[in-house]
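Asks: You'll find work.txt just under this line, and it carries compact mmCIF, C-alpha atoms and all ligand atoms.
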# COMPACT_ATOMS: atom_id res chain seq x y z
CA MET A 5 -20.53 125.45 29.37
CA PRO A 6 -22.10 122.29 28.03
CA VAL A 7 -19.01 120.28 28.87
CA PRO A 8 -18.14 119.09 32.37
CA PHE A 9 -14.71 120.70 32.67
CA PRO A 10 -13.18 120.16 36.10
CA SER A 11 -11.12 123.16 37.16
CA VAL A 12 -8.31 121.01 38.50
CA TYR A 13 -7.96 117.38 37.70
CA ASN A 14 -6.29 114.93 40.00
CA MET A 15 -3.75 113.48 37.65
CA PRO A 16 -2.59 109.92 37.38
CA SER A 17 1.06 109.41 38.19
CA ALA A 18 2.19 109.20 34.58
CA PRO A 19 0.87 110.56 31.30
CA ASN A 20 0.22 107.08 30.04
CA SER A 21 -1.95 106.05 32.93
CA THR A 22 -5.38 104.67 32.16
CA GLU A 23 -7.06 105.75 35.36
CA PRO A 24 -10.55 106.99 34.61
CA ALA A 25 -11.49 110.57 35.27
CA ALA A 26 -12.26 111.24 38.92
CA SER A 27 -15.78 112.38 39.57
CA PRO A 28 -16.11 114.80 41.22
CA PRO A 29 -12.56 115.94 40.47
CA GLU A 30 -10.24 116.12 43.43
CA PHE A 31 -8.32 119.31 43.95
CA VAL A 32 -4.59 118.91 43.96
CA ASP A 33 -1.72 121.17 44.70
CA GLU A 34 1.02 121.95 42.21
CA ARG A 35 2.66 118.86 40.93
CA PRO A 36 6.41 118.60 40.55
CA VAL A 37 7.46 118.36 36.94
CA ASP A 38 9.14 114.99 37.41
CA ASP A 39 5.75 113.30 37.71
CA PHE A 40 5.75 113.48 33.94
CA PHE A 41 9.45 113.71 33.28
CA ASP A 42 11.52 110.81 34.57
CA THR A 43 14.49 112.50 36.24
CA SER A 44 15.89 109.18 37.46
CA TYR A 45 17.04 108.28 33.95
CA LYS A 46 20.62 109.24 33.13
CA GLU A 47 22.13 109.12 29.66
CA LYS A 48 25.07 106.75 29.34
CA LEU A 49 28.42 108.46 29.64
CA GLY A 50 31.07 108.19 26.93
CA ALA A 51 30.82 108.10 23.15
CA LYS A 52 27.32 107.99 21.66
CA PRO A 53 26.47 105.05 19.38
CA ALA A 54 27.17 105.80 15.71
CA MET A 55 24.21 107.15 13.73
CA LYS A 56 22.92 104.57 11.27
CA LEU A 57 21.38 106.21 8.23
CA VAL A 58 18.24 104.66 6.74
CA TRP A 59 18.68 105.39 3.03
CA ARG A 60 15.20 104.23 2.10
CA ASN A 61 13.66 106.91 4.31
CA ILE A 62 16.15 109.57 3.19
CA ILE A 63 15.27 108.92 -0.45
CA LEU A 64 11.50 108.74 0.13
CA MET A 65 11.43 111.91 2.27
CA GLY A 66 13.56 113.72 -0.29
CA ALA A 67 11.30 112.58 -3.14
CA LEU A 68 8.18 113.58 -1.20
CA HIS A 69 9.51 117.09 -0.60
CA PHE A 70 10.57 117.50 -4.24
CA ALA A 71 7.11 116.40 -5.31
CA ALA A 72 5.58 118.88 -2.83
CA LEU A 73 7.65 121.70 -4.35
CA TYR A 74 6.41 120.70 -7.80
CA SER A 75 2.84 120.67 -6.43
CA VAL A 76 3.19 124.33 -5.41
CA ILE A 77 3.59 125.18 -9.12
CA LEU A 78 0.26 123.46 -9.84
CA VAL A 79 -1.67 125.32 -7.13
CA PRO A 80 -2.74 128.33 -9.31
CA PHE A 81 -4.06 125.92 -11.97
CA VAL A 82 -6.35 123.75 -9.85
CA LYS A 83 -10.08 124.45 -9.49
CA PRO A 84 -11.17 126.47 -6.42
CA LEU A 85 -13.15 123.44 -5.19
CA THR A 86 -9.96 121.37 -5.26
CA TRP A 87 -8.33 124.00 -3.10
CA LEU A 88 -11.20 123.81 -0.67
CA TRP A 89 -11.04 120.01 -0.68
CA ALA A 90 -7.27 119.99 -0.04
CA SER A 91 -7.79 122.38 2.90
CA GLY A 92 -10.53 120.11 4.26
CA CYS A 93 -8.18 117.12 3.97
CA PHE A 94 -5.50 119.15 5.79
CA LEU A 95 -7.89 119.86 8.64
CA LEU A 96 -9.17 116.28 8.84
CA SER A 97 -5.73 114.71 8.86
CA ALA A 98 -4.48 117.31 11.35
CA LEU A 99 -7.35 116.50 13.72
CA GLY A 100 -6.52 112.79 13.43
CA VAL A 101 -3.14 113.69 14.90
CA THR A 102 -4.00 116.48 17.38
CA ALA A 103 -7.40 115.41 18.74
CA GLY A 104 -6.68 111.72 18.08
CA ALA A 105 -3.13 110.40 18.40
CA HIS A 106 -2.00 113.25 20.63
CA ARG A 107 -4.65 114.49 23.06
CA LEU A 108 -6.78 111.35 23.19
CA TRP A 109 -4.50 108.37 22.75
CA SER A 110 -1.13 109.66 23.99
CA HIS A 111 -2.37 111.73 26.91
CA ARG A 112 -5.89 110.47 27.66
CA SER A 113 -6.82 114.10 28.27
CA TYR A 114 -10.47 113.38 27.46
CA THR A 115 -12.70 110.38 26.84
CA ALA A 116 -14.08 109.63 23.38
CA SER A 117 -17.02 107.45 22.38
CA THR A 118 -16.50 104.60 19.90
CA PRO A 119 -17.92 106.51 16.87
CA LEU A 120 -15.57 109.41 17.60
CA ARG A 121 -12.59 107.09 18.04
CA VAL A 122 -13.39 105.42 14.71
CA PHE A 123 -13.63 108.85 13.04
CA LEU A 124 -10.31 109.96 14.57
CA ALA A 125 -8.56 106.72 13.60
CA ILE A 126 -9.70 107.14 9.98
CA ALA A 127 -8.56 110.77 10.03
CA ASN A 128 -5.29 109.62 11.54
CA SER A 129 -4.67 107.23 8.62
CA MET A 130 -5.13 110.22 6.31
CA ALA A 131 -2.21 111.89 8.14
CA PHE A 132 0.10 108.86 7.56
CA GLN A 133 2.37 109.54 10.55
CA ASN A 134 2.77 105.94 11.74
CA HIS A 135 -0.17 104.11 13.28
CA ILE A 136 -1.71 105.42 16.50
CA PHE A 137 -0.04 102.77 18.68
CA GLU A 138 3.46 103.65 17.47
CA TRP A 139 2.77 107.40 17.48
CA ALA A 140 1.44 107.38 21.05
CA ARG A 141 4.24 105.12 22.31
CA ASP A 142 6.92 107.39 20.82
CA HIS A 143 5.14 110.46 22.16
CA ARG A 144 4.91 109.10 25.68
CA VAL A 145 8.67 108.40 25.65
CA HIS A 146 9.18 111.93 24.31
CA HIS A 147 7.41 113.43 27.34
CA LYS A 148 8.87 111.12 29.95
CA PHE A 149 12.48 111.36 28.74
CA SER A 150 12.35 114.71 26.98
CA GLU A 151 15.62 116.00 25.50
CA THR A 152 17.61 112.87 26.37
CA ASP A 153 18.88 109.89 24.36
CA ALA A 154 15.61 108.12 25.17
CA ASP A 155 13.58 110.87 23.45
CA PRO A 156 12.95 109.78 19.81
CA HIS A 157 13.30 113.36 18.53
CA ASN A 158 15.67 114.74 21.15
CA ALA A 159 15.82 118.46 20.34
CA THR A 160 19.28 118.86 21.87
CA ARG A 161 20.53 117.06 18.73
CA GLY A 162 19.58 120.09 16.65
CA PHE A 163 16.74 121.52 14.58
CA PHE A 164 17.10 119.13 11.64
CA PHE A 165 17.27 116.00 13.78
CA SER A 166 14.20 116.90 15.84
CA HIS A 167 12.29 118.04 12.74
CA VAL A 168 12.79 115.17 10.30
CA GLY A 169 16.28 113.71 10.78
CA TRP A 170 15.08 111.31 13.48
CA LEU A 171 12.96 109.55 10.83
CA MET A 172 16.05 108.98 8.68
CA VAL A 173 18.22 107.12 11.19
CA ARG A 174 17.90 104.07 13.46
CA LYS A 175 16.57 104.95 16.89
CA HIS A 176 18.92 105.35 19.82
CA PRO A 177 18.80 102.05 21.79
CA ASP A 178 17.53 103.92 24.87
CA VAL A 179 14.36 104.96 23.00
CA ILE A 180 13.49 101.32 22.42
CA ASP A 181 14.63 100.26 25.89
CA LYS A 182 12.64 102.95 27.75
CA GLY A 183 9.68 102.75 25.39
CA GLY A 184 9.54 99.00 26.01
CA LYS A 185 9.01 99.64 29.71
CA LEU A 186 6.01 101.96 29.28
CA ASP A 187 2.55 100.79 30.21
CA LEU A 188 0.68 100.70 26.91
CA SER A 189 -2.14 98.47 28.14
CA ASP A 190 -4.76 101.16 27.47
CA LEU A 191 -3.75 101.29 23.80
CA LYS A 192 -3.70 97.50 23.52
CA ALA A 193 -7.16 97.36 25.09
CA ASP A 194 -8.64 99.79 22.55
CA PRO A 195 -9.98 97.76 19.59
CA VAL A 196 -10.04 100.87 17.39
CA VAL A 197 -6.30 101.40 17.92
CA MET A 198 -5.50 97.75 17.29
CA LEU A 199 -7.70 97.59 14.20
CA GLN A 200 -6.05 100.66 12.72
CA LYS A 201 -2.64 99.06 13.46
CA LYS A 202 -3.69 95.85 11.71
CA TYR A 203 -4.99 97.54 8.57
CA TYR A 204 -2.64 100.51 8.65
CA LYS A 205 -1.03 100.23 5.18
CA ARG A 206 -4.35 99.71 3.41
CA SER A 207 -6.02 102.52 5.34
CA VAL A 208 -3.18 104.92 4.49
CA LEU A 209 -3.35 104.05 0.82
CA LEU A 210 -7.07 104.73 0.81
CA MET A 211 -7.28 107.76 3.12
CA CYS A 212 -4.00 109.57 2.46
CA PHE A 213 -3.69 109.01 -1.29
CA ILE A 214 -6.70 107.46 -3.10
CA ILE A 215 -9.65 109.38 -1.62
CA PRO A 216 -7.95 112.83 -1.71
CA THR A 217 -7.07 112.19 -5.38
CA VAL A 218 -10.28 110.62 -6.66
CA VAL A 219 -12.91 112.90 -5.08
CA PRO A 220 -11.98 116.09 -7.01
CA TRP A 221 -11.70 114.10 -10.25
CA TYR A 222 -15.03 112.31 -9.82
CA PHE A 223 -17.16 115.16 -8.42
CA TRP A 224 -15.95 118.30 -10.21
CA GLY A 225 -13.76 117.10 -13.05
CA GLU A 226 -10.34 118.01 -11.70
CA THR A 227 -7.49 116.17 -13.43
CA LEU A 228 -6.17 113.18 -11.47
CA TRP A 229 -2.67 114.64 -11.83
CA ASN A 230 -3.61 117.96 -10.20
CA SER A 231 -5.65 116.46 -7.39
CA TYR A 232 -2.97 113.86 -6.60
CA PHE A 233 -0.24 116.46 -6.27
CA VAL A 234 -2.25 119.15 -4.47
CA ALA A 235 -4.73 117.26 -2.24
CA ALA A 236 -2.54 114.24 -1.53
CA ILE A 237 1.17 115.10 -1.85
CA LEU A 238 1.21 118.81 -0.96
CA ARG A 239 -1.40 118.50 1.77
CA TYR A 240 0.40 115.47 3.30
CA THR A 241 3.77 117.24 3.26
CA LEU A 242 2.31 120.38 4.86
CA VAL A 243 0.67 118.42 7.68
CA LEU A 244 3.92 116.53 8.28
CA ASN A 245 5.96 119.73 8.51
CA ALA A 246 3.40 121.50 10.70
CA THR A 247 3.60 118.52 13.07
CA TRP A 248 7.38 118.31 13.00
CA LEU A 249 7.65 122.03 13.83
CA VAL A 250 6.21 121.20 17.25
CA ASN A 251 9.22 118.94 17.85
CA SER A 252 11.78 121.34 16.38
CA ALA A 253 10.76 125.03 16.47
CA ALA A 254 8.53 124.76 19.54
CA HIS A 255 11.41 123.13 21.42
CA MET A 256 13.76 125.99 20.48
CA PHE A 257 12.04 129.30 19.79
CA GLY A 258 9.60 131.10 22.08
CA ASN A 259 9.13 131.99 25.72
CA ARG A 260 8.80 129.75 28.75
CA PRO A 261 6.19 131.29 31.04
CA TYR A 262 5.39 128.09 32.94
CA ASP A 263 8.74 126.34 33.29
CA ARG A 264 12.02 127.98 32.35
CA TRP A 265 13.97 124.81 33.20
CA ILE A 266 12.65 122.83 30.23
CA ASN A 267 13.28 123.41 26.52
CA PRO A 268 9.71 123.38 25.08
CA ARG A 269 8.43 126.89 24.30
CA GLU A 270 5.27 128.82 23.58
CA ASN A 271 5.33 129.43 19.84
CA ARG A 272 2.27 131.09 18.33
CA PHE A 273 3.44 130.59 14.75
CA VAL A 274 3.63 126.84 15.34
CA ALA A 275 0.32 126.91 17.23
CA PHE A 276 -1.34 128.43 14.16
CA GLY A 277 0.07 125.88 11.69
CA ALA A 278 -0.47 122.94 14.04
CA ILE A 279 -4.09 123.90 14.84
CA GLY A 280 -3.44 124.70 18.49
CA GLU A 281 -0.40 122.57 19.35
CA GLY A 282 2.32 125.21 19.67
CA PHE A 283 1.78 126.18 23.32
CA HIS A 284 4.47 123.67 24.09
CA ASN A 285 5.91 125.03 27.34
CA TYR A 286 2.42 124.81 28.80
CA HIS A 287 1.87 121.37 27.29
CA HIS A 288 5.07 119.85 28.71
CA THR A 289 4.25 121.42 32.10
CA PHE A 290 0.60 120.28 32.16
CA PRO A 291 0.47 117.44 29.61
CA TYR A 292 -2.92 116.23 30.82
CA ASP A 293 -4.80 119.42 29.87
CA TYR A 294 -7.09 118.54 26.95
CA SER A 295 -6.60 122.03 25.54
CA THR A 296 -2.75 121.95 25.55
CA SER A 297 -2.90 125.65 26.39
CA GLU A 298 -3.90 128.09 29.08
CA TYR A 299 -6.17 129.91 26.66
CA GLY A 300 -8.75 127.17 26.05
CA TRP A 301 -10.39 127.36 22.64
CA ARG A 302 -8.78 130.68 21.68
CA GLY A 303 -6.36 130.17 18.77
CA ASN A 304 -6.94 126.45 19.11
CA ILE A 305 -9.00 124.72 16.40
CA THR A 306 -8.42 121.33 18.03
CA THR A 307 -9.92 122.52 21.31
CA CYS A 308 -12.90 123.98 19.40
CA PHE A 309 -13.32 120.57 17.77
CA ILE A 310 -13.18 118.70 21.11
CA ASN A 311 -15.63 121.18 22.69
CA THR A 312 -18.00 120.58 19.77
CA VAL A 313 -17.86 116.79 20.04
CA CYS A 314 -18.39 117.10 23.80
CA TYR A 315 -21.44 119.25 23.08
CA LEU A 316 -22.71 116.55 20.71
CA GLY A 317 -22.27 113.94 23.44
CA LEU A 318 -19.45 112.12 21.64
CA ALA A 319 -16.75 112.98 24.17
CA SER A 320 -16.49 113.83 27.85
CA ASN A 321 -14.15 114.11 30.83
CA CYS A 322 -12.00 116.93 29.48
CA LYS A 323 -9.18 117.51 31.92
CA THR A 324 -8.06 121.07 32.65
CA VAL A 325 -5.90 122.95 35.12
CA SER A 326 -7.21 125.71 37.39
CA LYS A 327 -6.02 129.31 37.00
CA GLU A 328 -4.67 129.14 40.58
CA VAL A 329 -2.45 126.16 39.84
CA ILE A 330 -1.23 127.73 36.59
CA GLN A 331 -0.40 131.00 38.30
CA ALA A 332 1.37 129.31 41.20
CA ARG A 333 3.44 127.30 38.76
CA ARG A 334 4.23 130.37 36.71
CA ARG A 335 5.46 132.21 39.79
CA ARG A 336 7.53 129.25 40.93
CA THR A 337 9.23 128.13 37.70
CA GLY A 338 8.20 130.51 34.88
CA ASP A 339 10.55 132.87 33.04
CA GLY A 340 8.40 135.87 33.96
CA SER A 341 7.39 136.51 30.36
CA ILE A 342 3.68 136.51 31.21
CA ARG A 343 2.68 138.39 34.35
CA SER A 344 0.84 136.35 36.92
CA GLY A 345 -2.67 137.64 37.35
C1 LIG B 1 5.93 110.93 11.36
C2 LIG B 1 5.73 110.88 12.83
O1 LIG B 1 6.02 111.93 10.76
C3 LIG B 1 5.55 112.27 13.39
C4 LIG B 1 5.45 112.26 14.86
C5 LIG B 1 5.50 113.65 15.40
C6 LIG B 1 5.26 113.76 16.84
C7 LIG B 1 4.95 115.21 17.19
C8 LIG B 1 4.62 115.39 18.61
C9 LIG B 1 4.28 116.84 18.92
C10 LIG B 1 3.06 117.06 19.76
C11 LIG B 1 1.79 116.90 19.02
C12 LIG B 1 1.56 117.93 17.99
C13 LIG B 1 0.72 117.45 16.85
C14 LIG B 1 0.64 118.56 15.84
C15 LIG B 1 -0.09 118.11 14.57
C16 LIG B 1 -0.29 119.25 13.64
C17 LIG B 1 -1.03 118.89 12.43
C18 LIG B 1 -1.20 120.09 11.42
N1 LIG B 1 9.31 102.05 22.38
O2 LIG B 1 10.78 101.82 14.47
P1 LIG B 1 11.80 100.73 14.32
C19 LIG B 1 10.66 98.87 18.65
S1 LIG B 1 5.98 109.39 10.54
C20 LIG B 1 9.38 100.71 22.39
O3 LIG B 1 11.91 100.04 13.00
P2 LIG B 1 14.54 101.55 13.93
C21 LIG B 1 9.70 98.48 17.54
O4 LIG B 1 8.47 98.05 18.04
C22 LIG B 1 6.17 109.80 8.87
N2 LIG B 1 9.76 100.01 21.33
O5 LIG B 1 13.21 101.32 14.79
C23 LIG B 1 10.47 97.41 16.82
O6 LIG B 1 10.31 96.21 17.57
P3 LIG B 1 9.86 94.85 16.81
C24 LIG B 1 6.10 108.59 7.98
C25 LIG B 1 10.09 100.68 20.24
O7 LIG B 1 14.97 100.31 13.28
C26 LIG B 1 11.91 97.84 16.97
O8 LIG B 1 11.96 98.70 18.12
N3 LIG B 1 6.94 107.47 8.43
C27 LIG B 1 10.04 102.07 20.17
O9 LIG B 1 15.48 102.23 14.83
C28 LIG B 1 12.43 98.59 15.74
O10 LIG B 1 11.54 99.66 15.47
C29 LIG B 1 8.29 107.43 8.30
O11 LIG B 1 8.89 108.34 7.83
C30 LIG B 1 9.63 102.77 21.31
N4 LIG B 1 9.53 104.10 21.34
O12 LIG B 1 14.05 102.53 12.76
C31 LIG B 1 9.00 106.18 8.75
N5 LIG B 1 10.41 102.46 18.94
O13 LIG B 1 10.90 94.61 15.79
C32 LIG B 1 8.99 106.06 10.17
C33 LIG B 1 10.68 101.36 18.25
O14 LIG B 1 9.83 93.85 17.94
N6 LIG B 1 9.90 105.16 10.85
N7 LIG B 1 10.50 100.27 19.03
O15 LIG B 1 8.52 95.15 16.24
C34 LIG B 1 10.90 104.34 10.47
O16 LIG B 1 11.17 104.09 9.32
C35 LIG B 1 11.71 103.76 11.59
O17 LIG B 1 10.95 103.80 12.78
C36 LIG B 1 13.04 104.51 11.80
C37 LIG B 1 13.78 103.89 13.01
C38 LIG B 1 13.94 104.39 10.60
C39 LIG B 1 12.80 105.98 12.14
ZN ZN B 2 7.60 118.22 22.95
ZN ZN B 3 2.12 115.66 24.18
With the file now loaded, output its structure as structure tokens.
Ligand code: ST9
Ligand code: ZN
Ligand code: ZN
Replies:
Amino acid sequence: MPVPFPSVYNMPSAPNSTEPAASPPEFVDERPVDDFFDTSYKEKLGAKPAMKLVWRNIILMGALHFAALYSVILVPFVKPLTWLWASGCFLLSALGVTAGAHRLWSHRSYTASTPLRVFLAIANSMAFQNHIFEWARDHRVHHKFSETDADPHNATRGFFFSHVGWLMVRKHPDVIDKGGKLDLSDLKADPVVMLQKKYYKRSVLLMCFIIPTVVPWYFWGETLWNSYFVAAILRYTLVLNATWLVNSAAHMFGNRPYDRWINPRENRFVAFGAIGEGFHNYHHTFPYDYSTSEYGWRGNITTCFINTVCYLGLASNCKTVSKEVIQARRRRTGDGSIRSG
């Protein structure tokens, strides 16, 4: 293997820690789940605060999805190259979320060089899912306070809420309170993250809408109308929904071979659509594994991408979990759905 993958990585005490990779990696025993999930937090008793609808978001999300449905009608009429281009934009924006905002910036599961971080930040703007700083902050609260009031997309509030509803209402005060106490110094210290935050609106306009629309028109004579709806609107909506399915479907449907006491599940359908991010029971159990799955690169385009950039010398320090630790954990807390080897 061209990449220095430690078999077991001695984890920092929280998923948002900035501790550098240990070298050589220290071997650790199984870690209790509450190293990543803060069990000391208790939801407030009594009536929940009233949900405050954000009509602007409801209208914009509704309009986006109507426009995406219209775009589906256009699909048979666009040029094959436009199809290819839209798929490329899907992949690029998805990687900006999976390899970028998620595995690199939220979990620090590997180390990326500056050119790679710039590439991932640009790809992330194409995905238009909030800037990296906000995305990673919300995701760290999601892991630490999963399925509680302090989780931005608390899946115990139902499929719709965890899928998209959480973007249509004001956040529960506990999300902001707990999120405000996280250590985000690593994100603040990364100039690429802060630059993307500063120029976020302009970068989204360019990467998510203008470039996907103009390229097919300029290079192979597609109509601006077709390329806007297929490569910008439809592609954007598909990436959004593939991402949201990790929060909704992968917190509800599937088996729990690593930890039956938590909601997140292994969902291969989601893993396919979200380029390797549906092995969610594994991911919530071992959130520091750069592969977010026991199966490495198999069925995991994002892991293939990270392996490739490691091979090219653009990334390093990929954290993994040893088979022994995985099997011990499976025996101790799994639902028995995958036999321990
Ligand atoms: C989108 C995000 O889609 C998707 C994320 C998905 C995550 C998935 C994770 C799964 C695993 C990875 C899998 C990847 C798979 C990818 C597959 C790809 C094929 N802590 O926000 P405000 C502060 S976005 C600390 O306005 P409201 C905040 O700083 C889609 N503080 O809250 C601010 O303070 P200040 C496009 C926090 O008013 C204040 O609170 N975007 C935190 O409740 C108010 O902040 C949209 O649709 C925190 N966690 O509004 C719009 N949070 O004033 C998105 C907030 O001092 N958002 N604060 O600056 C909004 O419009 C609003 O945030 C809102 C809530 C309406 C939702
Ligand atoms: Zn989750
Ligand atoms: Zn995560």
Asks: At a cut-off of 7 Å around ligand ZN 3 (chain B), and using only C-alpha atoms and all ligand atoms, what residues come up? Please write them as a ChimeraX atom specification.
Replies: /A:106-107,110-111,143,147,287-288,291
Asks: Please indicate the distance in Å from CA of Pro220 in chain A to CA of Arg239 in chain A, rounded to one decimal place.
Replies: 14.0 Å
Asks: Applying 12 Å and only C-alpha atoms, which residues near His69 in chain A remain after dropping the ones on its own chain fewer than 2 positions away? List them as number ranges by chain.
Replies: A: 62-67, 71-76, 168, 233, 237-242, 244-245
Asks: Taking only C-alpha atoms and all ligand atoms and a cut-off of 6 Å, can you tell me which residues surround ligand LIG 1 (chain B), written as a ChimeraX atom specification?
Replies: /A:58,98,101-102,106,133-134,141-142,170-175,179-180,183-184,243-244,246-248,250-251,277-279,281
Asks: As a count of residues only, please: every protein or nucleic acid residue near ligand ZN 2 (chain B) (cut-off 12 Å, counting all atoms listed in the file).
Replies: 49
Asks: Find the residues near Ala103 in chain A: any atom within 8 Å, counting only C-alpha atoms, skip ones fewer than 6 places away on the same chain, and give them as number ranges by chain.
Replies: A: 124, 306-307, 309-310
Asks: What is the CA of Ser320 in chain A to CA of Ala116 in chain A distance in Å?
Replies: 6.6 Å
Asks: In Å, with one decimal, what is the gap from CA of Lys201 in chain A to CA of Val218 in chain A?
Replies: 24.4 Å
Asks: Could you check the closest approach to Gly338 in chain A for each of A:Phe165, A:Gly92, A:Ala131, A:Asn259 and tell me which residue wins, using only C-alpha atoms?
Replies: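 For Gly338 in chain A, the nearest of the given residues is A:Asn259.
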